[in-house]
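Working notes, structure below.
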Amino acid sequence: MSIQESLLHSVQAIEEHYNAGDYIFREGATPQFYYQIVTGEVKLNSYKEDGKEFIQDILSENSCFGESMLILGKPYTVNAISLSKCIVLKIGREQFFQLLQENPDIFIDMYTTLSEKTSEKLVLMQKISSQNAEERLVELMNQMKDSKENKDKYSFEIPHTRQQLASLTGLSLETTIRMIKRMEKNEILMIKNGKIFY
């Protein structure tokens with residue numbers, strides 16, 4: 001879900017430029033802005049006590065992030081970190097609420113998107129709590145492919161690295177690599193030039 005850039009600019013959107021590895025916001029900070037990616041990729045993550053990274057989501061252009069915490073007015077539960085050079089538009093909390101009041105259709109779209117994300121997360125969390133590593137990976141890949149029109153076998157290129165897949169499912173990198181090889185052998189996915197096709 002995204003808001004038209006012209007609308008964001010009409011309420012004095014600020015354009016921010018980030019390099020790979022830059023923090024856009026940190027876990028525990030107080031939300032002050034609505035963020036929308038113009039170009040690049042951003043990951044939402046947190047770290048466990050042992051320092052292991054858990055990736056909540058990886059977002060690309062036209063995606064917004066941090067809006068649920070902005071609406072709630074509660075501290076961020078994740079970090080937002082750029083994965084590549086990024087351009088992000090941001091508007092302040094007051095402008096954001098003004099925009100929603102003047103454009104109720106945007107509010108409905110945002111509410112629908114948040115509801116879909118919550119539903120997907122619940123399904124994924126059920127699978128992640130499973131001890132079966134393959135089930136975790138299959139569910140994640142199903143969710144990524146679900147929004148694509150072409151549902152043919154091997155038609156979807158997984159846009160993430162093996163490390164990112166591990167962090168998204170709570171698996172170790174070694175287990176993820178082993179499972180991907182097994183899934184290839186069982187013809188669940190295909191590997192071509194190091195890329196995973198599902």
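By convention in this document, the chains of the structure tokens carry letters A, B, ... by their order, each chain's residues are numbered from 1, and ligands are numbered from 1 in the order they are shown.
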Selection: 9 Å around Ile24 in chain A, only C-alpha atoms, excl. self and same-chain fewer than 2 positions, as a list in words: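 Skipping anything fewer than 2 positions along the chain leaves Tyr18, Asp22, Arg26, Val42, Asn79, Ala80, Ile81 and Ser82 of chain A.
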Who sits within 8 Å of Ser167 in chain A, only C-alpha atoms, same chain under 4 positions skipped, as a list in words: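 Listing them by chain and then by number gives Glu53, Phe54, Ile55, Gln163, Leu171 and Ser172 of chain A.
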Extract, using only C-alpha atoms, all DNA, RNA and protein residues at most 10 Å from Leu59 in chain A, discarding same-chain residues fewer than 5 positions from it, and format them as a compact mmCIF listing (two decimals) with C-alpha atoms, in the first residue's frame.
# COMPACT_ATOMS: atom_id res chain seq x y z
CA GLN A 36 7.29 5.55 2.16
CA ILE A 37 10.02 4.07 -0.03
CA GLY A 40 15.62 0.94 -2.72
CA GLU A 41 14.95 -1.70 -0.08
CA VAL A 42 14.43 -1.48 3.68
CA LYS A 43 14.40 -4.28 6.24
CA LEU A 44 12.50 -4.26 9.52
CA CYS A 64 5.21 2.22 3.61
CA PHE A 65 6.50 1.27 7.04
CA ALA A 80 14.20 0.07 10.00
CA SER A 82 18.20 0.44 4.48
CA LEU A 83 19.48 -2.58 2.53
Ser115 in chain A surroundings by only C-alpha atoms, 12 Å radius, close-in-sequence under 6 positions cut, as JSON, numbers by chain: {"A": [1, 68, 108, 109, 121, 122]}
Output all heavy atoms of each residue in that selection to a file, as an mmCIF file, in the first residue's frame.
data_model
loop_
_atom_site.group_PDB
_atom_site.id
_atom_site.type_symbol
_atom_site.label_atom_id
_atom_site.label_comp_id
_atom_site.auth_asym_id
_atom_site.auth_seq_id
_atom_site.Cartn_x
_atom_site.Cartn_y
_atom_site.Cartn_z
ATOM 1 N N MET A 1 0.844 -1.177 0.000
ATOM 2 C CA MET A 1 0.000 0.000 0.000
ATOM 3 C C MET A 1 0.886 1.237 0.000
ATOM 4 O O MET A 1 1.862 1.304 0.715
ATOM 5 C CB MET A 1 -0.865 -0.030 1.276
ATOM 6 C CG MET A 1 -1.974 0.998 1.301
ATOM 7 S SD MET A 1 -1.680 2.305 2.494
ATOM 8 C CE MET A 1 -1.987 3.728 1.536
ATOM 9 N N SER A 68 1.828 1.644 11.615
ATOM 10 C CA SER A 68 1.001 1.119 12.710
ATOM 11 C C SER A 68 1.436 1.699 14.054
ATOM 12 O O SER A 68 0.603 2.068 14.882
ATOM 13 C CB SER A 68 1.041 -0.411 12.739
ATOM 14 O OG SER A 68 2.367 -0.872 12.844
ATOM 15 N N ILE A 108 -8.925 3.553 4.474
ATOM 16 C CA ILE A 108 -9.496 2.222 4.252
ATOM 17 C C ILE A 108 -8.452 1.301 3.605
ATOM 18 O O ILE A 108 -8.296 0.156 4.019
ATOM 19 C CB ILE A 108 -10.790 2.311 3.398
ATOM 20 C CG1 ILE A 108 -11.892 2.978 4.229
ATOM 21 C CG2 ILE A 108 -11.234 0.935 2.922
ATOM 22 C CD1 ILE A 108 -13.094 3.440 3.437
ATOM 23 N N ASP A 109 -7.725 1.822 2.603
ATOM 24 C CA ASP A 109 -6.660 1.028 1.959
ATOM 25 C C ASP A 109 -5.598 0.619 2.973
ATOM 26 O O ASP A 109 -5.127 -0.523 2.985
ATOM 27 C CB ASP A 109 -5.990 1.815 0.825
ATOM 28 C CG ASP A 109 -6.882 1.941 -0.403
ATOM 29 O OD1 ASP A 109 -7.912 1.238 -0.470
ATOM 30 O OD2 ASP A 109 -6.551 2.752 -1.286
ATOM 31 N N LYS A 121 1.184 -12.584 8.986
ATOM 32 C CA LYS A 121 2.134 -12.790 10.095
ATOM 33 C C LYS A 121 1.656 -13.901 11.017
ATOM 34 O O LYS A 121 2.458 -14.710 11.495
ATOM 35 C CB LYS A 121 2.329 -11.498 10.903
ATOM 36 C CG LYS A 121 3.130 -10.443 10.186
ATOM 37 C CD LYS A 121 4.600 -10.772 10.185
ATOM 38 C CE LYS A 121 5.385 -9.692 9.470
ATOM 39 N NZ LYS A 121 6.651 -10.175 8.959
ATOM 40 N N LEU A 122 0.357 -13.944 11.291
ATOM 41 C CA LEU A 122 -0.171 -14.985 12.172
ATOM 42 C C LEU A 122 0.044 -16.372 11.573
ATOM 43 O O LEU A 122 0.461 -17.296 12.265
ATOM 44 C CB LEU A 122 -1.667 -14.747 12.449
ATOM 45 C CG LEU A 122 -1.986 -13.567 13.369
ATOM 46 C CD1 LEU A 122 -3.482 -13.304 13.393
ATOM 47 C CD2 LEU A 122 -1.469 -13.809 14.774
#
Please, which residues in range 15-49 of chain A fall within 7 Å of range 89-96 of chain A when counting only C-alpha atoms, and what is the closest atom pair and distance in Å to one decimal for each, ordered by chain then residue number, as JSON lines?
{"residue": "A:Glu15", "atom": "CA", "partner": "A:Leu89", "partner_atom": "CA", "distance": 4.6}
{"residue": "A:Glu16", "atom": "CA", "partner": "A:Leu89", "partner_atom": "CA", "distance": 6.2}
{"residue": "A:Gln32", "atom": "CA", "partner": "A:Arg93", "partner_atom": "CA", "distance": 5.5}
{"residue": "A:Phe33", "atom": "CA", "partner": "A:Gly92", "partner_atom": "CA", "distance": 4.5}
{"residue": "A:Tyr34", "atom": "CA", "partner": "A:Lys90", "partner_atom": "CA", "distance": 5.3}
{"residue": "A:Tyr35", "atom": "CA", "partner": "A:Lys90", "partner_atom": "CA", "distance": 4.5}
{"residue": "A:Gln36", "atom": "CA", "partner": "A:Leu89", "partner_atom": "CA", "distance": 5.2}
{"residue": "A:Ile37", "atom": "CA", "partner": "A:Leu89", "partner_atom": "CA", "distance": 6.4}
{"residue": "A:Val38", "atom": "CA", "partner": "A:Leu89", "partner_atom": "CA", "distance": 6.8}
Can you spit out the residues from that selection as a PDB file, in the first residue's frame, using N, CA, C and O atoms?
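As written to disk, out_30.pdb reads:
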ATOM      1  N   GLU A  15      12.141  14.506   1.596  1.00  0.00           N
ATOM      2  CA  GLU A  15      12.834  13.413   0.900  1.00  0.00           C
ATOM      3  C   GLU A  15      14.155  13.148   1.601  1.00  0.00           C
ATOM      4  O   GLU A  15      14.984  14.038   1.734  1.00  0.00           O
ATOM      5  N   GLU A  16      14.327  11.926   2.071  1.00  0.00           N
ATOM      6  CA  GLU A  16      15.553  11.524   2.765  1.00  0.00           C
ATOM      7  C   GLU A  16      16.317  10.518   1.909  1.00  0.00           C
ATOM      8  O   GLU A  16      15.710   9.654   1.275  1.00  0.00           O
ATOM      9  N   GLN A  32       7.480   9.464  14.838  1.00  0.00           N
ATOM     10  CA  GLN A  32       7.131  10.846  14.525  1.00  0.00           C
ATOM     11  C   GLN A  32       6.748  11.040  13.066  1.00  0.00           C
ATOM     12  O   GLN A  32       6.224  12.091  12.701  1.00  0.00           O
ATOM     13  N   PHE A  33       7.015  10.013  12.221  1.00  0.00           N
ATOM     14  CA  PHE A  33       6.801  10.176  10.785  1.00  0.00           C
ATOM     15  C   PHE A  33       6.142   8.951  10.162  1.00  0.00           C
ATOM     16  O   PHE A  33       6.285   7.835  10.651  1.00  0.00           O
ATOM     17  N   TYR A  34       5.463   9.211   9.046  1.00  0.00           N
ATOM     18  CA  TYR A  34       5.015   8.171   8.117  1.00  0.00           C
ATOM     19  C   TYR A  34       6.117   8.072   7.070  1.00  0.00           C
ATOM     20  O   TYR A  34       6.584   9.098   6.557  1.00  0.00           O
ATOM     21  N   TYR A  35       6.559   6.849   6.750  1.00  0.00           N
ATOM     22  CA  TYR A  35       7.650   6.638   5.789  1.00  0.00           C
ATOM     23  C   TYR A  35       7.142   5.865   4.577  1.00  0.00           C
ATOM     24  O   TYR A  35       6.376   4.914   4.729  1.00  0.00           O
ATOM     25  N   GLN A  36       7.630   6.263   3.389  1.00  0.00           N
ATOM     26  CA  GLN A  36       7.288   5.545   2.156  1.00  0.00           C
ATOM     27  C   GLN A  36       8.520   5.481   1.255  1.00  0.00           C
ATOM     28  O   GLN A  36       9.175   6.493   1.020  1.00  0.00           O
ATOM     29  N   ILE A  37       8.827   4.277   0.780  1.00  0.00           N
ATOM     30  CA  ILE A  37      10.022   4.073  -0.034  1.00  0.00           C
ATOM     31  C   ILE A  37       9.758   4.511  -1.475  1.00  0.00           C
ATOM     32  O   ILE A  37       8.784   4.080  -2.093  1.00  0.00           O
ATOM     33  N   VAL A  38      10.638   5.369  -1.998  1.00  0.00           N
ATOM     34  CA  VAL A  38      10.573   5.784  -3.399  1.00  0.00           C
ATOM     35  C   VAL A  38      11.437   4.827  -4.228  1.00  0.00           C
ATOM     36  O   VAL A  38      10.997   4.273  -5.225  1.00  0.00           O
TER      37      VAL A  38
END
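Residues with any atom within 12 Å of Ile191 in chain A, counting only C-alpha atoms and excluding same-chain neighbours fewer than 2 positions away, are Tyr154, Ser155, Phe156, Glu157, Ile158, Arg162, Ile177, Ile180, Lys181, Arg182, Met183, Glu184, Lys185, Glu187, Ile188, Leu189, Asn193, Gly194, Lys195, Ile196, Phe197 and Tyr198 of chain A.
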Grab the residues selected above and save them as a short mmCIF file (atom, residue, chain, number, x, y, z; two decimals), in the first residue's frame with N, CA and C atoms.
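Once written, part-v2.cif looks like this:
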data_model
loop_
_atom_site.label_atom_id
_atom_site.label_comp_id
_atom_site.auth_asym_id
_atom_site.auth_seq_id
_atom_site.Cartn_x
_atom_site.Cartn_y
_atom_site.Cartn_z
N TYR A 154 8.16 -22.77 -10.30
CA TYR A 154 9.46 -22.15 -10.61
C TYR A 154 9.32 -20.80 -11.35
N SER A 155 8.15 -20.20 -11.32
CA SER A 155 7.94 -18.93 -12.04
C SER A 155 8.37 -17.71 -11.22
N PHE A 156 8.55 -17.89 -9.91
CA PHE A 156 8.85 -16.76 -9.04
C PHE A 156 10.29 -16.84 -8.53
N GLU A 157 11.05 -15.78 -8.81
CA GLU A 157 12.43 -15.71 -8.29
C GLU A 157 12.39 -15.13 -6.88
N ILE A 158 12.88 -15.88 -5.91
CA ILE A 158 12.91 -15.42 -4.52
C ILE A 158 13.88 -14.24 -4.44
N ARG A 162 20.03 -16.22 1.04
CA ARG A 162 19.80 -17.34 1.97
C ARG A 162 19.87 -16.86 3.42
N ILE A 177 20.38 -23.40 4.21
CA ILE A 177 21.08 -23.89 3.02
C ILE A 177 20.80 -25.38 2.81
N ILE A 180 17.19 -25.86 1.60
CA ILE A 180 17.02 -25.41 0.20
C ILE A 180 17.56 -26.48 -0.75
N LYS A 181 18.70 -27.06 -0.40
CA LYS A 181 19.26 -28.15 -1.23
C LYS A 181 18.31 -29.34 -1.26
N ARG A 182 17.73 -29.68 -0.11
CA ARG A 182 16.80 -30.80 -0.04
C ARG A 182 15.53 -30.50 -0.84
N MET A 183 15.05 -29.25 -0.74
CA MET A 183 13.85 -28.85 -1.48
C MET A 183 14.10 -28.88 -2.98
N GLU A 184 15.33 -28.56 -3.38
CA GLU A 184 15.69 -28.64 -4.81
C GLU A 184 15.67 -30.11 -5.26
N LYS A 185 16.25 -30.96 -4.44
CA LYS A 185 16.29 -32.39 -4.76
C LYS A 185 14.88 -32.97 -4.88
N GLU A 187 12.34 -31.32 -5.85
CA GLU A 187 11.67 -30.55 -6.91
C GLU A 187 10.60 -29.59 -6.38
N ILE A 188 10.81 -29.09 -5.17
CA ILE A 188 9.91 -28.07 -4.61
C ILE A 188 10.32 -26.70 -5.14
N LEU A 189 11.61 -26.53 -5.36
CA LEU A 189 12.14 -25.30 -5.94
C LEU A 189 13.26 -25.65 -6.91
N ASN A 193 21.76 -20.48 -11.53
CA ASN A 193 22.78 -19.43 -11.34
C ASN A 193 22.77 -18.88 -9.92
N GLY A 194 22.58 -19.76 -8.95
CA GLY A 194 22.59 -19.36 -7.55
C GLY A 194 21.30 -18.74 -7.06
N LYS A 195 20.35 -18.49 -7.97
CA LYS A 195 19.06 -17.89 -7.61
C LYS A 195 18.03 -18.98 -7.35
N ILE A 196 17.13 -18.71 -6.42
CA ILE A 196 16.10 -19.67 -6.08
C ILE A 196 14.81 -19.32 -6.82
N PHE A 197 14.26 -20.29 -7.53
CA PHE A 197 12.97 -20.11 -8.23
C PHE A 197 11.95 -21.04 -7.61
N TYR A 198 10.81 -20.47 -7.24
CA TYR A 198 9.78 -21.25 -6.53
C TYR A 198 8.48 -21.23 -7.33
#
Residue set, range 61-155 of chain A restricted to helix (DSSP H, G or I), as a PyMOL selection string: chain A and resi 67-72+93-102+104-128+133-146
Strand (DSSP E) per DSSP on the backbone: members of range 9-169 of chain A, as number ranges by chain: A: 14-18, 23-25, 33-39, 42-47, 53-59, 64-65, 79-82, 86-92
Coordinates-based distance that separates CA of Asp57 in chain A from CA of Leu168 in chain A (Å, one decimal):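 Separation between CA of Leu168 in chain A and CA of Asp57 in chain A: 7.2 Å.
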Selected residue of minimal separation from Arg178 in chain A among A:Thr113, A:Ala166, A:Ala13, A:Met141, counting only C-alpha atoms: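 That would be A:Ala166, the residue with the smallest distance to Arg178 in chain A.
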Surrounding residues of Glu27 in chain A excluding itself and chain neighbours under 6 positions, 7 Å, only C-alpha atoms, as a list in words: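 Answer for this query is Tyr76, Thr77, Val78 and Asn79 of chain A.
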Top pick for closest residue to Asp105 in chain A, considering A:Asn132, A:Ser2, A:Met125, A:Gly51 and counting only C-alpha atoms: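 Using only C-alpha atoms, Asp105 in chain A sits closest to A:Ser2.
Of the residues listed (A:Asn142, A:Ser119, A:Leu124, A:Ser63), A:Ser63 shows the shortest atom-to-atom separation from Ile3 in chain A; distances use only C-alpha atoms.
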Atomic distance CA of Gln56 in chain A - CA of Ile87 in chain A, expressed in Å with one decimal: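 Computing the Euclidean distance for CA of Gln56 in chain A and CA of Ile87 in chain A yields 20.7 Å.
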